[in-house]
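Asker: Quick one: the structure is below, questions incoming.
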Amino acid sequence: MAGKQYKPAQIEPKWQRYWDENGVYRTGSGTDRPKYYVLEMLPYPSGVLHMGHVRNYSIGDALARYKRMQGFNVLHPMGWDSFGLPAENAAIKHNRDPREWTRSNIAAMKRQLRSFGFSYDWDREISSCEPEYYRWNQWFFLRMWERGLAYRKKSAVNWCPECATVLANEQVVAGCCWRHEQTPVEQQEREQWFFKTTAYADELLAALQELQDGWPERVLTMQRNWIGRSTGTEVDFAVEESGEPIRVFTTRVDTIFGATCVILAPAHPLVERLGCGERGRSMAAEAATKAPDDLEKRGFFTGRYAINPYSGAKVPIWVGNFVLMTYGTGAIMAVPAHDDRDFEFCRKHGIDILPVIRPEAGQLADANTMDTAYCGYGVLENSGRFSGLTSAVAIRRMSEHAEREGFGKAAVSFRLRDWGVSRQRYWGTPIPMVRCAVCGVVPVPDEKLPVLLPPDVKLTGSGESPLRECPDFLHTDCPRCGGEAERESDTMDTFVDSSWYFYRYADPKNSAAPYESATARSWFPIDQYIGGVEHAVLHLIYCRFFTKVMRDLGVIDWDEPVRRLFTQGMVIRNGRKMSKNLGNVVSPEDLVEKYGSDTARMFALFAAPPDRDLDWQDEGVEGMWRFLSRVHRFVAANAGPAAAARPRPSNSDDRAALRKLHQTIAKVTTDFETRWHFNTSIAAIMELTNELHARASALSEGVMQECLQRLTLMLSPFAPHLAEELWRQLGREGSVLDAGWPESDARLAKEDTVEIAIQVNGKVRDRLTIPKGLPRGPLADRARQAERIRALLAGKTVRKVIEVPDRLVNFVAF
RNA sequence: GCCCGGAUGGCGAAAUCGGCAGACGCAGCGGACUUAAAAUCCGCUGUCCGAGAGGACGUGUGGGUUCGAGUCCCACUCCGGGCACCA
């Protein structure tokens with residue numbers, strides 16, 4: 001497919017029409033190349049292609065073929081993830097070089113995908129595990145560093161004392177190491193590298209607005225919640241005696257007169273200074289390693305008090321395991337009367353409850369008798385000079401008051417955190433930084449990139465980062481002073497690779513830059529991105545962040561990487577998603593062996609619409625194979641010379657066949673253009689086949705050939721091998737992909753008559769075949785005359801008649 | 001605990017804008033062809049009552065809106081996925 005040229009002049013109007021329909025999207029100037037961009041998520045090089053993959057890739061492949069048949073230039077490339085953790089695990093377990101493991105798995109996977117006939121642009125293939133890709137990962141890292149978007153800070157990691165290794169969350173099982181089930185995982189503070197995603201929090205949120213038309217609502221919702229912007233107030237409570245401020249963040253400063261304690265996160269620095277460091281640390285460790293479900297809300301009193309700056313009230317300072325150090329300020333005020341969780345906590349620990357908000361139409365709750373918190377807005381009571389104000393007004397005035405008095409201010413808080421990119425692993429892009437005793441942290445200069453992994457490393461799975469054990473790698477000269485220095489031994493999260501890999505597709509061989517801006521511009525932003533919904537918040541936020549950073553670097557001039565997003569459902573088997581980890585995969589190889597890849601992928605598409613989770617069952621593959629065989633036999637039996645001109649229908653069977661044909665084309669085309677419910681497209685093609693089968697002997701030669709030809713074309717995106725074969729049997733030249741997508745003729749598709757339902761009081765009592773388009777009035781008259789209806793209406797008064805042309809008539813009668 | 005989904009026959013599902021529930025396929029049953037089997041072709045197939053005509057019921061549960069609800073609203077149940085306990 002590569003290098004195939006299409007005629008832009010033919011294509012441009014179609015392109016425009018397609019996107020203008022919703023008024024959402026224009027391609028800009030007419031000089032732009034016509035384009036369409038389909039993209040898959042990076043497949044994991046596990047070496048195993050399972051039916052979950054096949055289903056997912058089939059979606060993109062069918063779309064790519066359809067768009068090619070329509071005459072678009074399609075960029076449909078394939079890329080490979082280095083997939084750090086599994087590769088390294090395999091290396092440890094089987095004593096294999098992770099590079100060799102990854103590459104051989106990629107090769108195996110590629111063979112399988114090719115055998116399925118997927119139409120990827122293999123000449124644009126990229127692998128994020130190759131040195132050239134490291135170079136550009138590192139290049140981006142350095143640009144971020146220069147702009148203060150990459151920084152180092154102390155952050156907690158899971159640590160197994162037995163392996164002396166950092167563990168991923170995935171490797172922590174019930175609070176213990178996956179390999180040492182008796183060894184509790186510890187929390188260890190380490191210097192780690194971060195990307196400042198929060199610098200773009202506001203923009204990442206605001207820009208979701210622009211994606212409204214092209215992205216699934218549920219993904220937008222998840223991202224909105226993930227970024228979690230909330231406006232509120234920061235207030236300093238003062239520790240009694242020392243006067244040290246405890247800054248809390250609250251969205252409900254109007255309830256602050258009802259605050260009856262202050263609760264600190266276990267990891268809050270003040271916990272140490274209040275003399276509770278020991279208890280705080282053990283609580284922090286527990287909170288970090290336990291699943292939220294298993295974590296009971298607990299807390300302890302520090303024995304100290306803080307002063308509420310609004311009311312002057314003295315409230316106890318507690319530490320609670322449910323308070324997050326990473327959100328807000330790491331400390332909260334508890335208002336039990338007006339917050340469910342605070343209510344529960346304070347009841348349990350016998351802390352005072354003090355209602356201060358009265359519902360707009362209601363009474364102030366009684367602290368002694370209330371059994372749930374009142375969390376709504378209302379009117380303030382017992383709130384000093386703010387009593388009598390409504391919540392909305394009070395929140396504004398009280399924030400202003402705090403700012404004037406210098407103990408707080410209105411503030412915006414995000415749930416989104418900076419992105420920790422450090423990994424203590426071997427198999428990833430090395431972070432291009434050097435630590436010099438004299439100069440401090442110094443970046444590796446561009447011309448020294450890429451920093452490559454040392455080739456001979458023993459991977460044992462225990463001990464510090466493998467790179468730390470490697471003196472040749474670790475020891476280097478300081479790029480600034482030339483003195484002795486040590487390389488950063490952390491490698492990058494593989495999410496860094498996947499945040500910009502798609503740009504590289506536009507220019508995969510470039511050795512002077514990640515990609516050339518002008519080349520990227522002709523393809524980007526991505527028109528259609530396809531991926532699993534599991535990426536809704538991580539990958540799909542990171543890649544949006546990267547695009548914004550690139551824009552600010554001046555590399556590109558657009559804001560969002562993806563215009564339209566499609567999230568496919570998961571394949572569920574035995575109640576869990578199909579994955580190699582869970583060992584519940586169905587291998588396509590057996591199916592391919594028995595029925596061929598066309599049957600396998602078409603069955604996967606037919607089983608359920610692609611955005612929906614699919615419960616996998618083998619039953620039914622047989623049926624798809626029968627269908628394709630039936631089509632094959634039918635074409636073989638009826639193939640004849642191509643008609644020179646548009647065939648004229650010569651009898652009613654011809655007309656019926658052509659009608660069905662054009663209805664099917666319309667159906668399949670709309671499905672491709674809108675929602676990709678290929679199961680119904682395929683059902684429509686089956687219906688057409690059944691219809692042709694039933695009328696075969698009565699059809700005139702020209703109509704038969706026309707129907708066979710278009711049936712073949714419509715089958716092509718779903719069953720490419722069969723379609724090519726049929727195309728040849730029909731005596732056509734070239735590839736079916738070059739033949740063009742058939743157009744539906746609305747006049748031929750039109751039905752003359754339609755069957756409507758006649759209801760009496762909402763129950764269907766009769767059906768009637770009438771000319772299509774019969775308007776209201778005559779419609780009801782016809783319905784009223786139906787025999788059964790006459791009988792039912794006899795002796796009753798018709799109160800109301802509802803007429804829906806071409807659908808139904810409903811008589812409301814008593 | 002929080003966020004996001006889902007629930008329709010024996011099974012996978014369809015119903016795209018509130019308008020005939022169950023398209024298409026699987027499984028099953030009956031028939032044709034066959035010495036027989038396979039393959040193929042034709043027909044039936046939501047549940048209950050009825051000999052039949054026909055009737056009643058029916059889209060996880062309970063309410064509501066409407067002439068009319070699988071579809072909209074409220075309250076729940078169960079299942080799946082994600083998570084950083086989100087103040």
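Simple scheme: letters A, B, ... for chains in structure tokens order, numbers from 1 for residues in each chain, numbers from 1 for ligands in the order shown.
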Find the residues near C2 of chain B: any atom within 9 Å, counting only C-alpha atoms (C1' of nucleotides), skip ones fewer than 2 places away on the same chain, and give them as an MDAnalysis selection string.

Answerer: chainID B and resid 83 85:86

Asker: Output N, CA, C and O atoms (P, O5', C5', C4', C3', O3' and C1' of nucleotides) of each residue in that selection to a file, as a compact mmCIF listing (two decimals), in the first residue's frame.

Answerer:
# COMPACT_ATOMS: atom_id res chain seq x y z
P C B 83 -5.64 1.15 38.13
O5' C B 83 -5.99 2.31 39.17
C5' C B 83 -5.91 3.67 38.76
C4' C B 83 -6.51 4.54 39.83
C3' C B 83 -5.95 4.32 41.23
O3' C B 83 -4.70 4.96 41.37
C1' C B 83 -8.31 4.50 41.32
P C B 85 -5.87 7.54 47.81
O5' C B 85 -7.26 8.26 48.10
C5' C B 85 -8.43 7.97 47.38
C4' C B 85 -9.62 8.01 48.31
C3' C B 85 -9.78 9.32 49.07
O3' C B 85 -11.14 9.55 49.36
C1' C B 85 -9.56 7.59 50.58
P C B 86 -12.11 10.21 48.39
O5' C B 86 -11.47 11.64 48.15
C5' C B 86 -11.74 12.72 49.05
C4' C B 86 -11.51 14.02 48.34
C3' C B 86 -12.37 14.23 47.08
O3' C B 86 -12.59 15.61 46.92
C1' C B 86 -10.11 14.11 46.45

Asker: Please identify every residue of chain B that has at least one atom no more than 8 Å from any atom of chain A, counting only C-alpha atoms (C1' of nucleotides), and report them as a PDB file with N, CA, C and O atoms (P, O5', C5', C4', C3', O3' and C1' of nucleotides), in the first residue's frame.

Answerer:
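Contents of out_14.pdb, freshly written:
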ATOM      1  P     G B   1     -19.031   1.497  50.152  1.00  0.00           P
ATOM      2  O5'   G B   1     -17.874   2.589  50.280  1.00  0.00           O
ATOM      3  C5'   G B   1     -18.145   3.788  51.020  1.00  0.00           C
ATOM      4  C4'   G B   1     -17.059   4.770  50.713  1.00  0.00           C
ATOM      5  C3'   G B   1     -17.076   5.314  49.289  1.00  0.00           C
ATOM      6  O3'   G B   1     -17.948   6.412  49.180  1.00  0.00           O
ATOM      7  C1'   G B   1     -14.889   4.599  49.822  1.00  0.00           C
ATOM      8  P     C B   3     -18.449   9.396  42.917  1.00  0.00           P
ATOM      9  O5'   C B   3     -17.587   9.154  41.604  1.00  0.00           O
ATOM     10  C5'   C B   3     -16.730  10.170  41.101  1.00  0.00           C
ATOM     11  C4'   C B   3     -15.922   9.635  39.956  1.00  0.00           C
ATOM     12  C3'   C B   3     -16.718   8.936  38.866  1.00  0.00           C
ATOM     13  O3'   C B   3     -17.354   9.845  37.991  1.00  0.00           O
ATOM     14  C1'   C B   3     -14.869   7.603  39.419  1.00  0.00           C
ATOM     15  P     C B   4     -18.738   9.440  37.300  1.00  0.00           P
ATOM     16  O5'   C B   4     -18.268   8.375  36.220  1.00  0.00           O
ATOM     17  C5'   C B   4     -17.330   8.739  35.222  1.00  0.00           C
ATOM     18  C4'   C B   4     -16.991   7.533  34.391  1.00  0.00           C
ATOM     19  C3'   C B   4     -18.184   6.740  33.892  1.00  0.00           C
ATOM     20  O3'   C B   4     -18.808   7.391  32.810  1.00  0.00           O
ATOM     21  C1'   C B   4     -16.567   5.254  34.720  1.00  0.00           C
ATOM     22  P     G B  12     -25.425 -14.095  26.471  1.00  0.00           P
ATOM     23  O5'   G B  12     -24.766 -13.738  25.072  1.00  0.00           O
ATOM     24  C5'   G B  12     -23.384 -13.994  24.868  1.00  0.00           C
ATOM     25  C4'   G B  12     -22.979 -13.493  23.507  1.00  0.00           C
ATOM     26  C3'   G B  12     -23.399 -12.075  23.172  1.00  0.00           C
ATOM     27  O3'   G B  12     -22.574 -11.119  23.801  1.00  0.00           O
ATOM     28  C1'   G B  12     -23.824 -13.475  21.326  1.00  0.00           C
ATOM     29  P     A B  13     -23.144  -9.683  24.154  1.00  0.00           P
ATOM     30  O5'   A B  13     -23.420  -9.082  22.720  1.00  0.00           O
ATOM     31  C5'   A B  13     -24.505  -8.195  22.470  1.00  0.00           C
ATOM     32  C4'   A B  13     -24.995  -8.448  21.091  1.00  0.00           C
ATOM     33  C3'   A B  13     -25.981  -7.418  20.556  1.00  0.00           C
ATOM     34  O3'   A B  13     -25.285  -6.364  19.916  1.00  0.00           O
ATOM     35  C1'   A B  13     -26.871  -9.599  20.285  1.00  0.00           C
ATOM     36  P     A B  14     -25.870  -4.906  19.944  1.00  0.00           P
ATOM     37  O5'   A B  14     -27.177  -5.022  19.039  1.00  0.00           O
ATOM     38  C5'   A B  14     -27.030  -5.157  17.632  1.00  0.00           C
ATOM     39  C4'   A B  14     -28.348  -5.096  16.959  1.00  0.00           C
ATOM     40  C3'   A B  14     -29.180  -3.846  17.186  1.00  0.00           C
ATOM     41  O3'   A B  14     -28.704  -2.771  16.411  1.00  0.00           O
ATOM     42  C1'   A B  14     -30.556  -5.753  17.230  1.00  0.00           C
ATOM     43  P     G B  19     -38.609   6.358  19.325  1.00  0.00           P
ATOM     44  O5'   G B  19     -39.876   5.466  18.982  1.00  0.00           O
ATOM     45  C5'   G B  19     -40.213   4.366  19.826  1.00  0.00           C
ATOM     46  C4'   G B  19     -41.423   3.657  19.268  1.00  0.00           C
ATOM     47  C3'   G B  19     -41.368   3.396  17.779  1.00  0.00           C
ATOM     48  O3'   G B  19     -42.131   2.231  17.532  1.00  0.00           O
ATOM     49  C1'   G B  19     -43.175   4.834  18.240  1.00  0.00           C
ATOM     50  P     C B  20     -41.498   0.781  17.607  1.00  0.00           P
ATOM     51  O5'   C B  20     -42.787  -0.052  17.177  1.00  0.00           O
ATOM     52  C5'   C B  20     -43.920  -0.109  18.029  1.00  0.00           C
ATOM     53  C4'   C B  20     -44.556  -1.466  17.887  1.00  0.00           C
ATOM     54  C3'   C B  20     -43.603  -2.639  18.146  1.00  0.00           C
ATOM     55  O3'   C B  20     -44.349  -3.711  18.692  1.00  0.00           O
ATOM     56  C1'   C B  20     -44.388  -2.762  15.952  1.00  0.00           C
ATOM     57  P     C B  24     -33.446 -11.891  10.258  1.00  0.00           P
ATOM     58  O5'   C B  24     -31.862 -11.848  10.469  1.00  0.00           O
ATOM     59  C5'   C B  24     -31.010 -11.181   9.542  1.00  0.00           C
ATOM     60  C4'   C B  24     -29.581 -11.231  10.033  1.00  0.00           C
ATOM     61  C3'   C B  24     -29.107 -12.617  10.459  1.00  0.00           C
ATOM     62  O3'   C B  24     -28.710 -13.409   9.352  1.00  0.00           O
ATOM     63  C1'   C B  24     -28.516 -11.061  12.111  1.00  0.00           C
ATOM     64  P     G B  25     -28.937 -14.963   9.408  1.00  0.00           P
ATOM     65  O5'   G B  25     -27.994 -15.433  10.596  1.00  0.00           O
ATOM     66  C5'   G B  25     -26.608 -15.613  10.373  1.00  0.00           C
ATOM     67  C4'   G B  25     -25.871 -15.772  11.673  1.00  0.00           C
ATOM     68  C3'   G B  25     -26.082 -17.066  12.436  1.00  0.00           C
ATOM     69  O3'   G B  25     -25.408 -18.159  11.847  1.00  0.00           O
ATOM     70  C1'   G B  25     -26.060 -15.254  13.938  1.00  0.00           C
ATOM     71  P     C B  26     -25.903 -19.613  12.137  1.00  0.00           P
ATOM     72  O5'   C B  26     -25.535 -19.835  13.670  1.00  0.00           O
ATOM     73  C5'   C B  26     -24.172 -19.933  14.065  1.00  0.00           C
ATOM     74  C4'   C B  26     -24.096 -20.132  15.550  1.00  0.00           C
ATOM     75  C3'   C B  26     -24.782 -21.371  16.072  1.00  0.00           C
ATOM     76  O3'   C B  26     -23.999 -22.529  15.886  1.00  0.00           O
ATOM     77  C1'   C B  26     -25.338 -19.541  17.440  1.00  0.00           C
ATOM     78  P     C B  67     -50.680  11.773  27.932  1.00  0.00           P
ATOM     79  O5'   C B  67     -50.928  10.384  27.200  1.00  0.00           O
ATOM     80  C5'   C B  67     -52.204   9.756  27.272  1.00  0.00           C
ATOM     81  C4'   C B  67     -52.244   8.600  26.313  1.00  0.00           C
ATOM     82  C3'   C B  67     -51.042   7.668  26.379  1.00  0.00           C
ATOM     83  O3'   C B  67     -51.192   6.722  27.407  1.00  0.00           O
ATOM     84  C1'   C B  67     -51.466   8.225  24.125  1.00  0.00           C
ATOM     85  P     G B  68     -49.951   6.356  28.307  1.00  0.00           P
ATOM     86  O5'   G B  68     -48.944   5.715  27.263  1.00  0.00           O
ATOM     87  C5'   G B  68     -49.239   4.430  26.716  1.00  0.00           C
ATOM     88  C4'   G B  68     -48.243   4.078  25.653  1.00  0.00           C
ATOM     89  C3'   G B  68     -46.787   4.072  26.098  1.00  0.00           C
ATOM     90  O3'   G B  68     -46.464   2.864  26.746  1.00  0.00           O
ATOM     91  C1'   G B  68     -46.987   5.200  24.033  1.00  0.00           C
ATOM     92  P     G B  80     -17.644  -9.188  38.932  1.00  0.00           P
ATOM     93  O5'   G B  80     -17.194  -8.249  37.735  1.00  0.00           O
ATOM     94  C5'   G B  80     -16.936  -8.808  36.455  1.00  0.00           C
ATOM     95  C4'   G B  80     -16.658  -7.713  35.460  1.00  0.00           C
ATOM     96  C3'   G B  80     -15.489  -6.806  35.801  1.00  0.00           C
ATOM     97  O3'   G B  80     -14.248  -7.404  35.510  1.00  0.00           O
ATOM     98  C1'   G B  80     -17.303  -5.482  35.092  1.00  0.00           C
ATOM     99  P     G B  81     -12.957  -7.017  36.376  1.00  0.00           P
ATOM    100  O5'   G B  81     -12.650  -5.538  35.879  1.00  0.00           O
ATOM    101  C5'   G B  81     -12.140  -5.337  34.567  1.00  0.00           C
ATOM    102  C4'   G B  81     -12.091  -3.873  34.255  1.00  0.00           C
ATOM    103  C3'   G B  81     -11.205  -3.034  35.155  1.00  0.00           C
ATOM    104  O3'   G B  81      -9.842  -3.181  34.842  1.00  0.00           O
ATOM    105  C1'   G B  81     -13.251  -1.918  34.825  1.00  0.00           C
ATOM    106  P     G B  82      -8.758  -3.066  36.021  1.00  0.00           P
ATOM    107  O5'   G B  82      -8.734  -1.505  36.317  1.00  0.00           O
ATOM    108  C5'   G B  82      -8.306  -0.609  35.306  1.00  0.00           C
ATOM    109  C4'   G B  82      -8.594   0.799  35.712  1.00  0.00           C
ATOM    110  C3'   G B  82      -7.991   1.234  37.034  1.00  0.00           C
ATOM    111  O3'   G B  82      -6.616   1.529  36.912  1.00  0.00           O
ATOM    112  C1'   G B  82     -10.225   1.938  36.957  1.00  0.00           C
ATOM    113  P     A B  84      -3.657   4.439  42.412  1.00  0.00           P
ATOM    114  O5'   A B  84      -4.220   5.203  43.663  1.00  0.00           O
ATOM    115  C5'   A B  84      -3.371   5.576  44.747  1.00  0.00           C
ATOM    116  C4'   A B  84      -3.747   6.961  45.220  1.00  0.00           C
ATOM    117  C3'   A B  84      -5.245   7.222  45.277  1.00  0.00           C
ATOM    118  O3'   A B  84      -5.532   8.095  46.367  1.00  0.00           O
ATOM    119  C1'   A B  84      -4.228   8.754  43.817  1.00  0.00           C
ATOM    120  P     C B  85      -5.865   7.542  47.810  1.00  0.00           P
ATOM    121  O5'   C B  85      -7.257   8.258  48.104  1.00  0.00           O
ATOM    122  C5'   C B  85      -8.425   7.972  47.375  1.00  0.00           C
ATOM    123  C4'   C B  85      -9.615   8.006  48.310  1.00  0.00           C
ATOM    124  C3'   C B  85      -9.776   9.323  49.066  1.00  0.00           C
ATOM    125  O3'   C B  85     -11.144   9.549  49.365  1.00  0.00           O
ATOM    126  C1'   C B  85      -9.558   7.590  50.579  1.00  0.00           C
ATOM    127  P     C B  86     -12.105  10.213  48.393  1.00  0.00           P
ATOM    128  O5'   C B  86     -11.469  11.644  48.150  1.00  0.00           O
ATOM    129  C5'   C B  86     -11.735  12.716  49.050  1.00  0.00           C
ATOM    130  C4'   C B  86     -11.510  14.021  48.336  1.00  0.00           C
ATOM    131  C3'   C B  86     -12.373  14.228  47.084  1.00  0.00           C
ATOM    132  O3'   C B  86     -12.589  15.606  46.923  1.00  0.00           O
ATOM    133  C1'   C B  86     -10.107  14.110  46.449  1.00  0.00           C
ATOM    134  P     A B  87     -14.129  16.086  46.985  1.00  0.00           P
ATOM    135  O5'   A B  87     -14.262  16.654  48.458  1.00  0.00           O
ATOM    136  C5'   A B  87     -13.773  17.910  48.793  1.00  0.00           C
ATOM    137  C4'   A B  87     -13.618  17.969  50.277  1.00  0.00           C
ATOM    138  C3'   A B  87     -13.062  19.268  50.831  1.00  0.00           C
ATOM    139  O3'   A B  87     -14.030  20.276  50.907  1.00  0.00           O
ATOM    140  C1'   A B  87     -12.033  17.439  51.875  1.00  0.00           C
TER     141        A B  87
END

Asker: Excluding segment 354-361 of chain A and any residue of its chain fewer than 5 positions from it, enumerate the residues within 8 Å of it, using only C-alpha atoms (C1' of nucleotides), and give them as a list of chain:residue names.

Answerer: A:Thr255, A:Phe257, A:Gly258, A:Ala259, A:Thr260, A:Val335, A:Pro336, A:Ala337, A:His338, A:Asp366, A:Ala367, A:Tyr374, A:Gly376, A:Tyr377, A:Gly378, A:Val379, A:Leu380, A:Glu381, A:Asn382, A:Ser383

Asker: Neighbouring residues of segment 135-149 of chain A were defined as those with any atom within 7 Å, considering only C-alpha atoms (C1' of nucleotides); residues of the same chain fewer than 4 positions away were excluded. Please report them as a PyMOL selection string.

Answerer: chain A and resi 131+195-196+431-432+443+446+449-450+497+514

Asker: Take the residues that were just selected and, keeping N, CA, C and O atoms, output them as a PDB file, in the first residue's frame.

Answerer:
ATOM      1  N   PRO A 131      17.828   2.590  19.999  1.00  0.00           N
ATOM      2  CA  PRO A 131      18.647   3.717  20.449  1.00  0.00           C
ATOM      3  C   PRO A 131      18.206   5.075  19.896  1.00  0.00           C
ATOM      4  O   PRO A 131      18.214   6.072  20.613  1.00  0.00           O
ATOM      5  N   PHE A 195       7.758  15.197  35.782  1.00  0.00           N
ATOM      6  CA  PHE A 195       7.351  16.173  34.764  1.00  0.00           C
ATOM      7  C   PHE A 195       6.212  16.984  35.353  1.00  0.00           C
ATOM      8  O   PHE A 195       5.295  16.439  35.977  1.00  0.00           O
ATOM      9  N   LYS A 196       6.273  18.270  35.093  1.00  0.00           N
ATOM     10  CA  LYS A 196       5.329  19.173  35.745  1.00  0.00           C
ATOM     11  C   LYS A 196       4.012  19.241  34.974  1.00  0.00           C
ATOM     12  O   LYS A 196       3.698  20.259  34.349  1.00  0.00           O
ATOM     13  N   ILE A 431      17.767   8.366  31.881  1.00  0.00           N
ATOM     14  CA  ILE A 431      17.535   9.798  32.061  1.00  0.00           C
ATOM     15  C   ILE A 431      18.876  10.517  31.879  1.00  0.00           C
ATOM     16  O   ILE A 431      19.858  10.176  32.548  1.00  0.00           O
ATOM     17  N   PRO A 432      18.945  11.461  30.962  1.00  0.00           N
ATOM     18  CA  PRO A 432      20.236  12.013  30.527  1.00  0.00           C
ATOM     19  C   PRO A 432      20.770  13.088  31.467  1.00  0.00           C
ATOM     20  O   PRO A 432      20.945  14.239  31.076  1.00  0.00           O
ATOM     21  N   PRO A 443      22.880  18.520  32.929  1.00  0.00           N
ATOM     22  CA  PRO A 443      22.330  17.737  31.812  1.00  0.00           C
ATOM     23  C   PRO A 443      23.425  17.263  30.867  1.00  0.00           C
ATOM     24  O   PRO A 443      24.438  17.936  30.688  1.00  0.00           O
ATOM     25  N   ASP A 446      23.268  17.848  24.188  1.00  0.00           N
ATOM     26  CA  ASP A 446      22.573  17.224  23.057  1.00  0.00           C
ATOM     27  C   ASP A 446      23.501  16.357  22.206  1.00  0.00           C
ATOM     28  O   ASP A 446      23.125  15.267  21.781  1.00  0.00           O
ATOM     29  N   LEU A 449      24.066  12.754  23.092  1.00  0.00           N
ATOM     30  CA  LEU A 449      22.921  11.827  23.094  1.00  0.00           C
ATOM     31  C   LEU A 449      23.070  10.849  21.936  1.00  0.00           C
ATOM     32  O   LEU A 449      23.680  11.197  20.927  1.00  0.00           O
ATOM     33  N   PRO A 450      22.522   9.682  21.998  1.00  0.00           N
ATOM     34  CA  PRO A 450      21.767   9.164  23.138  1.00  0.00           C
ATOM     35  C   PRO A 450      22.680   8.544  24.203  1.00  0.00           C
ATOM     36  O   PRO A 450      23.737   8.035  23.872  1.00  0.00           O
ATOM     37  N   ASP A 497       7.646   7.255  26.277  1.00  0.00           N
ATOM     38  CA  ASP A 497       7.716   6.824  24.878  1.00  0.00           C
ATOM     39  C   ASP A 497       6.379   7.020  24.185  1.00  0.00           C
ATOM     40  O   ASP A 497       6.291   7.548  23.085  1.00  0.00           O
ATOM     41  N   PRO A 514      13.312  14.865  16.333  1.00  0.00           N
ATOM     42  CA  PRO A 514      12.313  13.811  16.575  1.00  0.00           C
ATOM     43  C   PRO A 514      11.451  13.606  15.340  1.00  0.00           C
ATOM     44  O   PRO A 514      11.074  12.482  15.006  1.00  0.00           O
TER      45      PRO A 514
END

Asker: If we count only C-alpha atoms (C1' of nucleotides), what is near Lys660 of chain A at a cut-off of 12 Å, once residues fewer than 2 positions away on the same chain are taken out, given as JSON, numbers by chain?

Answerer: {"A": [653, 654, 655, 656, 657, 658, 662, 663, 664, 665, 666, 667, 684, 685, 686, 687, 688, 689, 690, 691, 692, 695, 703, 707, 710, 711, 744, 745, 746, 747, 748, 749, 750, 751]}

Asker: Which of segment 489-675 of chain A end up as strand (DSSP E) when DSSP is run on this backbone - answer as a compact mmCIF listing (two decimals) with N, CA and C atoms, in the first residue's frame?

Answerer:
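See result_22.txt below for the written result:
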# COMPACT_ATOMS: atom_id res chain seq x y z
N THR A 491 15.80 5.12 34.89
CA THR A 491 15.35 5.16 33.50
C THR A 491 13.94 5.73 33.46
N MET A 492 13.46 5.98 32.24
CA MET A 492 12.16 6.65 32.12
C MET A 492 11.01 5.66 32.04
N GLN A 528 -8.15 10.17 13.75
CA GLN A 528 -8.89 9.12 14.45
C GLN A 528 -7.93 8.27 15.26
N TYR A 529 -8.11 8.27 16.52
CA TYR A 529 -7.27 7.48 17.41
C TYR A 529 -8.12 6.37 17.97
N ILE A 530 -7.54 5.19 18.02
CA ILE A 530 -8.30 4.05 18.54
C ILE A 530 -7.52 3.44 19.68
N GLY A 531 -8.15 3.25 20.79
CA GLY A 531 -7.43 2.64 21.91
C GLY A 531 -8.40 2.15 22.96
N GLY A 532 -7.86 1.43 23.89
CA GLY A 532 -8.69 0.88 24.95
C GLY A 532 -9.05 1.95 25.96
N LEU A 565 -11.51 10.32 19.03
CA LEU A 565 -11.03 9.19 19.80
C LEU A 565 -12.11 8.13 19.84
N PHE A 566 -11.69 6.91 19.63
CA PHE A 566 -12.63 5.80 19.78
C PHE A 566 -12.07 4.86 20.82
N THR A 567 -12.85 4.56 21.82
CA THR A 567 -12.37 3.63 22.83
C THR A 567 -13.10 2.30 22.68
N GLN A 568 -12.31 1.29 22.42
CA GLN A 568 -12.94 -0.01 22.23
C GLN A 568 -13.12 -0.72 23.57
N VAL A 571 -12.24 -7.42 25.82
CA VAL A 571 -12.76 -8.76 25.63
C VAL A 571 -12.69 -9.46 26.98
N ILE A 572 -13.85 -9.84 27.47
CA ILE A 572 -13.94 -10.49 28.77
C ILE A 572 -14.02 -12.00 28.56
N ARG A 573 -13.29 -12.71 29.35
CA ARG A 573 -13.45 -14.17 29.30
C ARG A 573 -13.35 -14.71 30.71
N ARG A 576 -13.26 -12.05 33.46
CA ARG A 576 -12.15 -11.09 33.58
C ARG A 576 -11.70 -10.66 32.21
N LYS A 577 -11.04 -9.49 32.14
CA LYS A 577 -10.59 -9.07 30.83
C LYS A 577 -9.52 -10.01 30.31
N LEU A 614 -16.89 -7.34 25.38
CA LEU A 614 -17.39 -8.54 24.73
C LEU A 614 -17.07 -9.75 25.58
N ASP A 615 -18.09 -10.51 25.88
CA ASP A 615 -17.89 -11.76 26.61
C ASP A 615 -17.56 -12.82 25.58

Asker: Hey, what's within 9 Å of Phe118 of chain A if we count only C-alpha atoms (C1' of nucleotides) and toss same-chain stuff fewer than 6 positions away? As a ChimeraX atom specification, please?

Answerer: /A:57-58,61-62,720

Asker: Using only C-alpha atoms (C1' of nucleotides), can you tell me which of A:Arg273, A:Arg648, A:Arg114, A:His693 comes closest to C41 of chain B?

Answerer: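 For C41 of chain B, the nearest of the candidates is A:His693.
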